[in-house]
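Enquirer: Sending over coords10.cif (mmCIF, C-alpha atoms and all ligand atoms).
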```
data_upload
loop_
_atom_site.group_PDB
_atom_site.id
_atom_site.type_symbol
_atom_site.label_atom_id
_atom_site.label_comp_id
_atom_site.auth_asym_id
_atom_site.auth_seq_id
_atom_site.Cartn_x
_atom_site.Cartn_y
_atom_site.Cartn_z
ATOM 1 C CA MET A 1 14.161 -4.542 7.452
ATOM 2 C CA GLU A 2 12.805 -8.022 6.880
ATOM 3 C CA GLN A 3 9.023 -7.820 6.508
ATOM 4 C CA GLY A 4 6.652 -10.594 7.483
ATOM 5 C CA LEU A 5 7.044 -13.693 9.621
ATOM 6 C CA ALA A 6 10.305 -15.638 9.668
ATOM 7 C CA LEU A 7 11.505 -18.774 11.434
ATOM 8 C CA HIS A 8 15.214 -19.082 12.063
ATOM 9 C CA GLN A 9 16.724 -22.528 12.712
ATOM 10 C CA VAL A 10 13.751 -23.697 14.735
ATOM 11 C CA ARG A 11 14.190 -27.032 16.466
ATOM 12 C CA VAL A 12 11.484 -28.982 18.280
ATOM 13 C CA ARG A 13 11.990 -32.364 19.905
ATOM 14 C CA PHE A 14 9.441 -34.706 21.421
ATOM 15 C CA GLY A 15 11.509 -37.102 23.523
ATOM 16 C CA GLY A 16 13.920 -38.741 21.114
ATOM 17 C CA LEU A 17 12.079 -37.579 18.007
ATOM 18 C CA THR A 18 13.137 -34.403 16.223
ATOM 19 C CA ALA A 19 9.871 -33.034 14.830
ATOM 20 C CA LEU A 20 11.487 -29.851 13.444
ATOM 21 C CA ASP A 21 15.168 -29.933 12.644
ATOM 22 C CA ASP A 22 16.604 -26.408 12.268
ATOM 23 C CA VAL A 23 13.753 -25.189 10.112
ATOM 24 C CA SER A 24 14.081 -21.725 8.569
ATOM 25 C CA LEU A 25 11.445 -20.111 6.399
ATOM 26 C CA ARG A 26 9.853 -16.773 5.641
ATOM 27 C CA VAL A 27 6.261 -15.794 4.902
ATOM 28 C CA PRO A 28 6.438 -12.762 2.617
ATOM 29 C CA ALA A 29 4.400 -9.840 4.001
ATOM 30 C CA THR A 30 2.237 -9.785 0.864
ATOM 31 C CA GLY A 31 2.085 -13.385 -0.267
ATOM 32 C CA VAL A 32 1.047 -16.943 0.430
ATOM 33 C CA LEU A 33 3.595 -19.454 1.723
ATOM 34 C CA GLY A 34 2.631 -23.113 1.589
ATOM 35 C CA VAL A 35 4.177 -25.759 3.818
ATOM 36 C CA ILE A 36 3.714 -29.286 2.540
ATOM 37 C CA GLY A 37 5.157 -32.686 3.337
ATOM 38 C CA PRO A 38 4.114 -36.284 3.892
ATOM 39 C CA ASN A 39 2.458 -37.522 7.106
ATOM 40 C CA GLY A 40 4.560 -36.864 10.166
ATOM 41 C CA ALA A 41 6.800 -34.375 8.351
ATOM 42 C CA GLY A 42 6.286 -31.746 11.059
ATOM 43 C CA LYS A 43 3.661 -29.475 9.455
ATOM 44 C CA THR A 44 1.307 -29.276 12.421
ATOM 45 C CA THR A 45 4.248 -28.903 14.781
ATOM 46 C CA LEU A 46 5.416 -25.926 12.731
ATOM 47 C CA PHE A 47 1.912 -24.448 12.820
ATOM 48 C CA ASN A 48 1.833 -24.935 16.598
ATOM 49 C CA VAL A 49 5.175 -23.177 16.987
ATOM 50 C CA VAL A 50 3.845 -20.115 15.162
ATOM 51 C CA CYS A 51 0.649 -20.176 17.288
ATOM 52 C CA GLY A 52 2.631 -20.497 20.507
ATOM 53 C CA PHE A 53 1.277 -23.944 21.449
ATOM 54 C CA VAL A 54 4.761 -25.436 21.130
ATOM 55 C CA THR A 55 7.927 -23.679 22.288
ATOM 56 C CA PRO A 56 11.056 -24.525 20.287
ATOM 57 C CA GLU A 57 14.068 -25.947 22.058
ATOM 58 C CA SER A 58 16.269 -23.648 19.965
ATOM 59 C CA GLY A 59 15.956 -21.160 17.145
ATOM 60 C CA SER A 60 13.810 -18.040 16.978
ATOM 61 C CA LEU A 61 10.896 -16.327 15.268
ATOM 62 C CA THR A 62 10.663 -12.766 14.034
ATOM 63 C CA LEU A 63 7.781 -10.603 12.833
ATOM 64 C CA ASP A 64 8.883 -7.677 10.662
ATOM 65 C CA GLY A 65 12.410 -8.274 11.915
ATOM 66 C CA ARG A 66 11.461 -8.024 15.594
ATOM 67 C CA PRO A 67 11.670 -11.004 17.968
ATOM 68 C CA LEU A 68 8.341 -12.855 18.218
ATOM 69 C CA ARG A 69 7.404 -15.076 21.126
ATOM 70 C CA PRO A 70 3.889 -16.137 20.202
ATOM 71 C CA ARG A 71 1.284 -16.947 22.863
ATOM 72 C CA PRO A 72 -2.045 -18.383 21.704
ATOM 73 C CA HIS A 73 -4.167 -15.776 23.544
ATOM 74 C CA ARG A 74 -2.079 -12.856 22.306
ATOM 75 C CA LEU A 75 -1.959 -13.753 18.608
ATOM 76 C CA ASN A 76 -4.744 -11.394 17.548
ATOM 77 C CA ARG A 77 -3.038 -8.434 19.140
ATOM 78 C CA LEU A 78 0.069 -9.248 17.099
ATOM 79 C CA GLY A 79 -2.028 -9.163 13.925
ATOM 80 C CA ILE A 80 -2.031 -12.944 13.524
ATOM 81 C CA ALA A 81 -5.173 -15.083 13.187
ATOM 82 C CA ARG A 82 -5.594 -18.799 12.653
ATOM 83 C CA THR A 83 -8.057 -21.503 11.820
ATOM 84 C CA LEU A 84 -7.615 -24.996 13.180
ATOM 85 C CA GLN A 85 -8.082 -28.462 11.717
ATOM 86 C CA GLY A 86 -11.884 -28.829 11.955
ATOM 87 C CA THR A 87 -13.878 -25.621 12.330
ATOM 88 C CA GLY A 88 -13.959 -25.096 16.116
ATOM 89 C CA LEU A 89 -17.118 -22.964 15.946
ATOM 90 C CA PHE A 90 -19.145 -22.300 19.095
ATOM 91 C CA PRO A 91 -22.274 -24.451 18.682
ATOM 92 C CA GLY A 92 -24.410 -22.249 20.964
ATOM 93 C CA LEU A 93 -23.801 -19.074 18.941
ATOM 94 C CA THR A 94 -25.177 -18.037 15.570
ATOM 95 C CA VAL A 95 -22.894 -17.673 12.564
ATOM 96 C CA LEU A 96 -22.811 -13.896 13.033
ATOM 97 C CA GLU A 97 -22.011 -14.174 16.760
ATOM 98 C CA ASN A 98 -19.243 -16.655 16.005
ATOM 99 C CA VAL A 99 -17.675 -14.203 13.574
ATOM 100 C CA MET A 100 -18.077 -11.363 16.089
ATOM 101 C CA THR A 101 -16.026 -13.301 18.652
ATOM 102 C CA GLY A 102 -13.122 -13.121 16.196
ATOM 103 C CA ALA A 103 -12.919 -9.356 16.580
ATOM 104 C CA THR A 104 -13.509 -8.933 20.305
ATOM 105 C CA HIS A 105 -9.950 -7.788 20.980
ATOM 106 C CA THR A 106 -10.838 -4.616 19.044
ATOM 107 C CA ALA A 107 -13.863 -3.891 21.268
ATOM 108 C CA ARG A 108 -13.417 -1.905 24.441
ATOM 109 C CA ALA A 109 -16.274 -3.168 26.572
ATOM 110 C CA GLY A 110 -16.091 -6.708 25.247
ATOM 111 C CA PHE A 111 -18.663 -8.609 23.287
ATOM 112 C CA LEU A 112 -18.099 -11.649 25.509
ATOM 113 C CA SER A 113 -19.332 -9.725 28.536
ATOM 114 C CA ALA A 114 -22.386 -8.853 26.448
ATOM 115 C CA LEU A 115 -22.985 -12.525 25.754
ATOM 116 C CA PHE A 116 -22.959 -13.236 29.465
ATOM 117 C CA GLY A 117 -25.400 -10.406 30.108
ATOM 118 C CA LEU A 118 -22.863 -8.079 31.702
ATOM 119 C CA PRO A 119 -22.866 -4.317 31.120
ATOM 120 C CA ARG A 120 -21.620 -3.490 27.664
ATOM 121 C CA SER A 121 -21.189 -0.780 25.141
ATOM 122 C CA ASP A 122 -23.937 -0.812 22.535
ATOM 123 C CA ARG A 123 -21.799 1.230 20.212
ATOM 124 C CA ASP A 124 -19.011 -1.364 20.333
ATOM 125 C CA GLU A 125 -21.440 -4.158 19.728
ATOM 126 C CA ARG A 126 -23.028 -2.414 16.758
ATOM 127 C CA ARG A 127 -19.604 -1.797 15.277
ATOM 128 C CA LEU A 128 -18.580 -5.446 15.761
ATOM 129 C CA ARG A 129 -21.839 -6.614 14.225
ATOM 130 C CA ARG A 130 -21.406 -4.373 11.189
ATOM 131 C CA HIS A 131 -17.853 -5.532 10.672
ATOM 132 C CA ALA A 132 -18.741 -9.233 11.103
ATOM 133 C CA LEU A 133 -21.568 -8.884 8.575
ATOM 134 C CA ALA A 134 -19.224 -7.213 6.104
ATOM 135 C CA VAL A 135 -16.774 -10.124 6.375
ATOM 136 C CA LEU A 136 -19.583 -12.675 5.967
ATOM 137 C CA ASP A 137 -20.700 -10.748 2.907
ATOM 138 C CA GLU A 138 -17.158 -10.690 1.522
ATOM 139 C CA LEU A 139 -17.054 -14.495 1.807
ATOM 140 C CA GLY A 140 -20.496 -14.836 0.214
ATOM 141 C CA ILE A 141 -22.241 -16.297 3.275
ATOM 142 C CA ALA A 142 -24.066 -13.295 4.780
ATOM 143 C CA GLY A 143 -27.336 -15.134 4.087
ATOM 144 C CA HIS A 144 -26.423 -17.592 6.852
ATOM 145 C CA ALA A 145 -25.749 -14.911 9.498
ATOM 146 C CA ASP A 146 -28.546 -16.006 11.831
ATOM 147 C CA ALA A 147 -28.155 -19.754 11.331
ATOM 148 C CA ALA A 148 -26.802 -22.159 13.928
ATOM 149 C CA PRO A 149 -23.502 -23.571 12.609
ATOM 150 C CA ALA A 150 -24.626 -27.181 13.076
ATOM 151 C CA THR A 151 -27.402 -26.722 10.499
ATOM 152 C CA LEU A 152 -24.967 -25.756 7.723
ATOM 153 C CA PRO A 153 -22.955 -27.909 5.288
ATOM 154 C CA PHE A 154 -19.305 -28.424 6.228
ATOM 155 C CA ALA A 155 -17.970 -26.178 3.452
ATOM 156 C CA VAL A 156 -20.076 -23.266 4.729
ATOM 157 C CA ARG A 157 -19.076 -23.880 8.355
ATOM 158 C CA GLN A 158 -15.493 -23.849 7.268
ATOM 159 C CA ARG A 159 -16.025 -20.520 5.552
ATOM 160 C CA VAL A 160 -17.564 -19.200 8.789
ATOM 161 C CA ALA A 161 -14.399 -20.228 10.630
ATOM 162 C CA LEU A 162 -12.397 -18.336 8.029
ATOM 163 C CA ALA A 163 -14.657 -15.308 8.439
ATOM 164 C CA ARG A 164 -14.113 -15.424 12.199
ATOM 165 C CA ALA A 165 -10.346 -15.399 11.681
ATOM 166 C CA LEU A 166 -10.563 -12.520 9.179
ATOM 167 C CA ALA A 167 -12.827 -10.508 11.485
ATOM 168 C CA ALA A 168 -9.725 -9.868 13.602
ATOM 169 C CA ARG A 169 -8.237 -7.911 10.644
ATOM 170 C CA PRO A 170 -5.045 -10.012 10.695
ATOM 171 C CA ARG A 171 -1.928 -9.139 8.726
ATOM 172 C CA LEU A 172 -1.060 -12.824 8.756
ATOM 173 C CA LEU A 173 -3.494 -15.719 8.585
ATOM 174 C CA LEU A 174 -2.432 -19.235 9.591
ATOM 175 C CA LEU A 175 -4.369 -22.073 7.978
ATOM 176 C CA ASP A 176 -3.961 -25.707 9.040
ATOM 177 C CA GLU A 177 -5.278 -28.171 6.449
ATOM 178 C CA PRO A 178 -8.185 -26.017 5.265
ATOM 179 C CA ALA A 179 -8.938 -28.414 2.381
ATOM 180 C CA GLY A 180 -9.542 -31.344 4.736
ATOM 181 C CA GLY A 181 -13.057 -32.680 4.264
ATOM 182 C CA LEU A 182 -13.831 -30.501 1.227
ATOM 183 C CA GLY A 183 -14.894 -31.711 -2.217
ATOM 184 C CA ALA A 184 -13.086 -30.671 -5.404
ATOM 185 C CA GLU A 185 -15.430 -27.778 -6.177
ATOM 186 C CA ASP A 186 -15.208 -26.378 -2.646
ATOM 187 C CA ILE A 187 -11.415 -26.615 -2.839
ATOM 188 C CA ASP A 188 -11.470 -24.512 -6.028
ATOM 189 C CA ASP A 189 -13.572 -21.861 -4.267
ATOM 190 C CA LEU A 190 -11.251 -21.923 -1.272
ATOM 191 C CA ALA A 191 -8.217 -21.561 -3.535
ATOM 192 C CA GLU A 192 -9.687 -18.459 -5.129
ATOM 193 C CA LEU A 193 -10.466 -16.955 -1.756
ATOM 194 C CA VAL A 194 -7.020 -17.623 -0.256
ATOM 195 C CA ARG A 195 -5.237 -16.349 -3.355
ATOM 196 C CA GLY A 196 -7.008 -13.007 -2.968
ATOM 197 C CA LEU A 197 -6.134 -12.454 0.711
ATOM 198 C CA PRO A 198 -2.759 -10.735 0.191
ATOM 199 C CA ARG A 199 -4.550 -8.148 -1.970
ATOM 200 C CA ARG A 200 -7.538 -7.855 0.332
ATOM 201 C CA ASP A 201 -8.950 -4.347 0.624
ATOM 202 C CA PRO A 202 -8.683 -2.666 3.101
ATOM 203 C CA ASP A 203 -6.934 -5.313 5.237
ATOM 204 C CA PRO A 204 -4.319 -7.143 3.113
ATOM 205 C CA CYS A 205 -3.308 -10.393 4.740
ATOM 206 C CA ALA A 206 -0.339 -12.694 4.181
ATOM 207 C CA VAL A 207 -1.026 -16.429 4.513
ATOM 208 C CA LEU A 208 0.856 -19.391 5.940
ATOM 209 C CA LEU A 209 -0.897 -22.464 4.562
ATOM 210 C CA VAL A 210 -0.046 -25.824 6.095
ATOM 211 C CA GLU A 211 -1.613 -28.400 3.844
ATOM 212 C CA HIS A 212 -1.335 -31.996 2.799
ATOM 213 C CA HIS A 213 -3.425 -31.336 -0.313
ATOM 214 C CA MET A 214 -0.854 -30.712 -3.047
ATOM 215 C CA ASP A 215 -3.316 -29.263 -5.620
ATOM 216 C CA LEU A 216 -4.457 -26.485 -3.301
ATOM 217 C CA VAL A 217 -0.883 -25.575 -2.431
ATOM 218 C CA MET A 218 0.145 -25.479 -6.075
ATOM 219 C CA ALA A 219 -2.883 -23.349 -6.971
ATOM 220 C CA VAL A 220 -2.567 -20.632 -4.337
ATOM 221 C CA CYS A 221 1.011 -20.341 -3.084
ATOM 222 C CA ASP A 222 3.645 -17.848 -4.182
ATOM 223 C CA GLU A 223 6.313 -19.886 -2.407
ATOM 224 C CA VAL A 224 6.348 -23.435 -1.078
ATOM 225 C CA THR A 225 8.492 -25.036 1.617
ATOM 226 C CA VAL A 226 8.625 -28.829 1.735
ATOM 227 C CA LEU A 227 9.245 -30.667 5.000
ATOM 228 C CA ASP A 228 10.235 -34.297 5.380
ATOM 229 C CA PHE A 229 11.102 -35.844 8.745
ATOM 230 C CA GLY A 230 11.295 -32.357 10.238
ATOM 231 C CA LYS A 231 13.784 -31.005 7.708
ATOM 232 C CA VAL A 232 13.298 -28.496 4.913
ATOM 233 C CA ILE A 233 14.087 -30.571 1.814
ATOM 234 C CA ALA A 234 13.054 -27.995 -0.791
ATOM 235 C CA SER A 235 11.714 -24.482 -1.125
ATOM 236 C CA GLY A 236 10.794 -22.363 -4.119
ATOM 237 C CA THR A 237 7.935 -21.529 -6.438
ATOM 238 C CA PRO A 238 5.235 -24.165 -7.016
ATOM 239 C CA GLU A 239 6.816 -24.935 -10.418
ATOM 240 C CA GLN A 240 10.265 -25.457 -8.886
ATOM 241 C CA ILE A 241 8.785 -27.698 -6.201
ATOM 242 C CA ARG A 242 6.802 -29.767 -8.664
ATOM 243 C CA ASP A 243 9.955 -30.533 -10.660
ATOM 244 C CA ASP A 244 12.175 -31.243 -7.642
ATOM 245 C CA PRO A 245 13.115 -34.945 -7.476
ATOM 246 C CA ALA A 246 13.665 -34.736 -3.685
ATOM 247 C CA VAL A 247 10.003 -33.784 -3.267
ATOM 248 C CA THR A 248 8.745 -36.568 -5.509
ATOM 249 C CA ASP A 249 10.945 -39.022 -3.602
ATOM 250 C CA ALA A 250 9.603 -37.881 -0.219
ATOM 251 C CA TYR A 251 5.972 -38.249 -1.299
ATOM 252 C CA LEU A 252 6.620 -41.493 -3.190
ATOM 253 C CA GLY A 253 8.562 -42.897 -0.248
ATOM 254 C CA ALA A 254 5.639 -42.122 2.009
ATOM 255 C CA ALA A 255 3.247 -43.731 -0.472
ATOM 256 C CA VAL A 256 5.381 -46.878 -0.676
ATOM 257 C CA ASP A 257 5.446 -47.032 3.135
ATOM 258 C CA GLY A 258 1.670 -46.890 2.951
ATOM 259 C CA SER A 259 1.575 -43.897 5.276
ATOM 260 C CA ALA A 260 0.425 -41.283 2.758
ATOM 261 C CA THR A 261 -3.243 -40.457 2.435
HETATM 262 N N1 LIG A 301 2.876 -33.889 21.208
HETATM 263 C C1 LIG A 301 3.649 -34.792 20.606
HETATM 264 N N2 LIG A 301 4.353 -35.697 21.317
HETATM 265 C C2 LIG A 301 5.143 -36.606 20.724
HETATM 266 N N3 LIG A 301 5.342 -36.687 19.398
HETATM 267 C C3 LIG A 301 4.676 -35.813 18.626
HETATM 268 C C4 LIG A 301 3.808 -34.818 19.166
HETATM 269 N N4 LIG A 301 3.282 -34.079 18.152
HETATM 270 C C5 LIG A 301 3.811 -34.588 17.033
HETATM 271 N N5 LIG A 301 4.645 -35.620 17.305
HETATM 272 C C6 LIG A 301 5.442 -36.372 16.306
HETATM 273 O O1 LIG A 301 6.188 -35.412 15.577
HETATM 274 C C7 LIG A 301 6.256 -35.758 14.195
HETATM 275 C C8 LIG A 301 5.684 -34.625 13.376
HETATM 276 O O2 LIG A 301 4.277 -34.586 13.590
HETATM 277 P P1 LIG A 301 3.311 -33.514 12.929
HETATM 278 O O3 LIG A 301 1.956 -33.746 13.504
HETATM 279 O O4 LIG A 301 3.895 -32.172 13.065
HETATM 280 O O5 LIG A 301 3.337 -33.965 11.391
HETATM 281 P P2 LIG A 301 2.409 -33.495 10.178
HETATM 282 O O6 LIG A 301 3.324 -33.145 9.076
HETATM 283 O O7 LIG A 301 1.435 -32.486 10.642
HETATM 284 O O8 LIG A 301 1.654 -34.846 9.798
HETATM 285 P P3 LIG A 301 0.163 -35.053 9.174
HETATM 286 O O9 LIG A 301 0.307 -34.870 7.681
HETATM 287 O O10 LIG A 301 -0.111 -36.492 9.507
HETATM 288 O O11 LIG A 301 -0.765 -34.082 9.818
HETATM 289 C C9 LIG A 301 5.496 -37.070 14.055
HETATM 290 O O12 LIG A 301 6.423 -38.128 14.089
HETATM 291 C C10 LIG A 301 4.585 -37.093 15.270
HETATM 292 O O13 LIG A 301 4.313 -38.411 15.659
HETATM 293 MG MG MG A 302 -0.720 -32.326 10.678
#
```
Show me this structure written as structure tokens.
Ligand SMILES: Nc1ncnc2c1ncn2[C@@H]1O[C@H](COP(=O)(O)OP(=O)(O)OP(=O)(O)O)[C@@H](O)[C@H]1O
Ligand SMILES: [Mg+2]
Expert:
Amino acid sequence: MEQGLALHQVRVRFGGLTALDDVSLRVPATGVLGVIGPNGAGKTTLFNVVCGFVTPESGSLTLDGRPLRPRPHRLNRLGIARTLQGTGLFPGLTVLENVMTGATHTARAGFLSALFGLPRSDRDERRLRRHALAVLDELGIAGHADAAPATLPFAVRQRVALARALAARPRLLLLDEPAGGLGAEDIDDLAELVRGLPRRDPDPCAVLLVEHHMDLVMAVCDEVTVLDFGKVIASGTPEQIRDDPAVTDAYLGAAVDGSAT
């Protein structure tokens, strides 16, 4: 049986524009797949298809060989978590509470009801709190547990968003442009973290990384798929991709058009 997430001939059109043109790819169950491509290539559209924000006109998705019809609010139950461009943290909650919200689907009485002062299970809340703290500790930011997100540097906030996603114990993590807004040193730290996720103990997690930042993709991915104008123009190991003239052409073409950043 085919393990992990796969897209089969996925097509998405916005009016006359084909944003994804029969795209097929596979995220190995124990690896990191990078999706790169110049501006407008279809990366975010692909991410949105996997999250269930965009429904393809044709094609299909499978998870471990079984048909997958993602819905944003059901992702966690399927073992899929995501971070979005920007951090999307709740400003009124502490770091720890933000991370706890990532795991609420595992709680019976519901941490959200607790937040709104409704009856709750103390045992559930203690368990969520312990788990959230452990994830913060794993990411090296437990010292910020009681801080308000707005008081923290961007790189730390971004790590909190990652902790919130990991608190759901996903088997697959979807990352959209996680290097955006980070300095070189923070990108190195992020690379190390992402590279370790497929061997995470006790919750190993495959990664689909949608990223403009070529260095990060080359540093962390086992496999890379390159999109250009909605089509897969290359896929392979980072070394194969780096040496592929079609990839260089796509990025150079974008640079010449002045549309690359
Ligand atoms: N909701 C939408 N309606 C109409 N066109 C859209 C929509 N979303 C994306 N597009 C178009 O689809 C194409 C692919 O866009 P997408 O955002 O997926 O590219 P991208 O690879 O993420 O680009 P970037 O590197 O700039 O983030 C672009 O031409 C874009 O203008
Ligand atoms: Mg995008």
Enquirer: In terms of the shortest atom-to-atom distance over only C-alpha atoms and all ligand atoms, which of A:Pro178, A:Pro245, A:Pro204, A:Pro72 is closest to ligand MG 302 (chain A)?
Expert: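 That would be A:Pro178, the residue with the smallest distance to ligand MG 302 (chain A).
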Enquirer: Interatomic distance between atom P3 of ligand LIG 301 (chain A) and CA of Val49 (chain A)?
Expert: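 These two atoms are separated by 15.1 Å.
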Enquirer: Can you list every residue of chain A that has an atom at most 9 Å from ligand MG 302 (chain A), with its nearest atom pair and the distance in Å to one decimal, using all atoms listed in the file, ordered by chain then number, as a tab-separated table?
Expert:
```
residue	atom	partner	partner_atom	distance
A:Asn39	CA	A:MG302	MG	7.1
A:Gly40	CA	A:MG302	MG	7.0
A:Ala41	CA	A:MG302	MG	8.1
A:Gly42	CA	A:MG302	MG	7.0
A:Lys43	CA	A:MG302	MG	5.4
A:Thr44	CA	A:MG302	MG	4.1
A:Thr45	CA	A:MG302	MG	7.3
A:Phe47	CA	A:MG302	MG	8.6
A:Gln85	CA	A:MG302	MG	8.4
A:Asp176	CA	A:MG302	MG	7.5
A:Glu177	CA	A:MG302	MG	7.5
A:Val210	CA	A:MG302	MG	8.0
A:Glu211	CA	A:MG302	MG	7.9
A:His212	CA	A:MG302	MG	7.9
```
Enquirer: Given the selection you just returned, output its residues as a file containing C-alpha atoms, formatted as a PDB file, in the coordinates of the input.
Expert:
```
ATOM      1  CA  ASN A  39       2.458 -37.522   7.106  1.00  0.00           C
ATOM      2  CA  GLY A  40       4.560 -36.864  10.166  1.00  0.00           C
ATOM      3  CA  ALA A  41       6.800 -34.375   8.351  1.00  0.00           C
ATOM      4  CA  GLY A  42       6.286 -31.746  11.059  1.00  0.00           C
ATOM      5  CA  LYS A  43       3.661 -29.475   9.455  1.00  0.00           C
ATOM      6  CA  THR A  44       1.307 -29.276  12.421  1.00  0.00           C
ATOM      7  CA  THR A  45       4.248 -28.903  14.781  1.00  0.00           C
ATOM      8  CA  PHE A  47       1.912 -24.448  12.820  1.00  0.00           C
ATOM      9  CA  GLN A  85      -8.082 -28.462  11.717  1.00  0.00           C
ATOM     10  CA  ASP A 176      -3.961 -25.707   9.040  1.00  0.00           C
ATOM     11  CA  GLU A 177      -5.278 -28.171   6.449  1.00  0.00           C
ATOM     12  CA  VAL A 210      -0.046 -25.824   6.095  1.00  0.00           C
ATOM     13  CA  GLU A 211      -1.613 -28.400   3.844  1.00  0.00           C
ATOM     14  CA  HIS A 212      -1.335 -31.996   2.799  1.00  0.00           C
TER      15      HIS A 212
END
```
Enquirer: Considering only C-alpha atoms and all ligand atoms, can you say which of A:Phe14, A:Phe90, A:Tyr251, A:Phe154 comes closest to ligand LIG 301 (chain A)?
Expert: A:Phe14
Enquirer: Of the candidates A:Leu7, A:Ile36, A:Ala134, A:Leu174, which shows the shortest atom-to-atom distance to ligand LIG 301 (chain A), using all atoms listed in the file?
Expert: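 Looking only at the distances to ligand LIG 301 (chain A), the closest residue turns out to be A:Ile36.
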Enquirer: Output the residue selection produced by the PyMOL selection byres (((chain A and resi 181) around 12) and not hetatm) on the file above, formatted as a short mmCIF file (atom, residue, chain, number, x, y, z; two decimals) with C-alpha atoms, keeping the file's coordinate frame.
Expert:
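Final output, saved to out.cif:
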```cif
data_model
loop_
_atom_site.label_atom_id
_atom_site.label_comp_id
_atom_site.auth_asym_id
_atom_site.auth_seq_id
_atom_site.Cartn_x
_atom_site.Cartn_y
_atom_site.Cartn_z
CA GLN A 85 -8.08 -28.46 11.72
CA GLY A 86 -11.88 -28.83 11.96
CA THR A 87 -13.88 -25.62 12.33
CA PRO A 153 -22.96 -27.91 5.29
CA PHE A 154 -19.30 -28.42 6.23
CA ALA A 155 -17.97 -26.18 3.45
CA VAL A 156 -20.08 -23.27 4.73
CA ARG A 157 -19.08 -23.88 8.36
CA GLN A 158 -15.49 -23.85 7.27
CA GLU A 177 -5.28 -28.17 6.45
CA PRO A 178 -8.18 -26.02 5.26
CA ALA A 179 -8.94 -28.41 2.38
CA GLY A 180 -9.54 -31.34 4.74
CA LEU A 182 -13.83 -30.50 1.23
CA GLY A 183 -14.89 -31.71 -2.22
CA ALA A 184 -13.09 -30.67 -5.40
CA GLU A 185 -15.43 -27.78 -6.18
CA ASP A 186 -15.21 -26.38 -2.65
CA ILE A 187 -11.42 -26.62 -2.84
CA HIS A 212 -1.34 -32.00 2.80
CA HIS A 213 -3.42 -31.34 -0.31
#
```
Enquirer: Pick out the closest residue to Pro170 (chain A) from this set: A:Gly102, A:Gly59, A:Gly236, A:Gly140. Count all atoms listed in the file.
Expert: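 When distances to Pro170 (chain A) are compared using all atoms listed in the file, the smallest one comes from A:Gly102.
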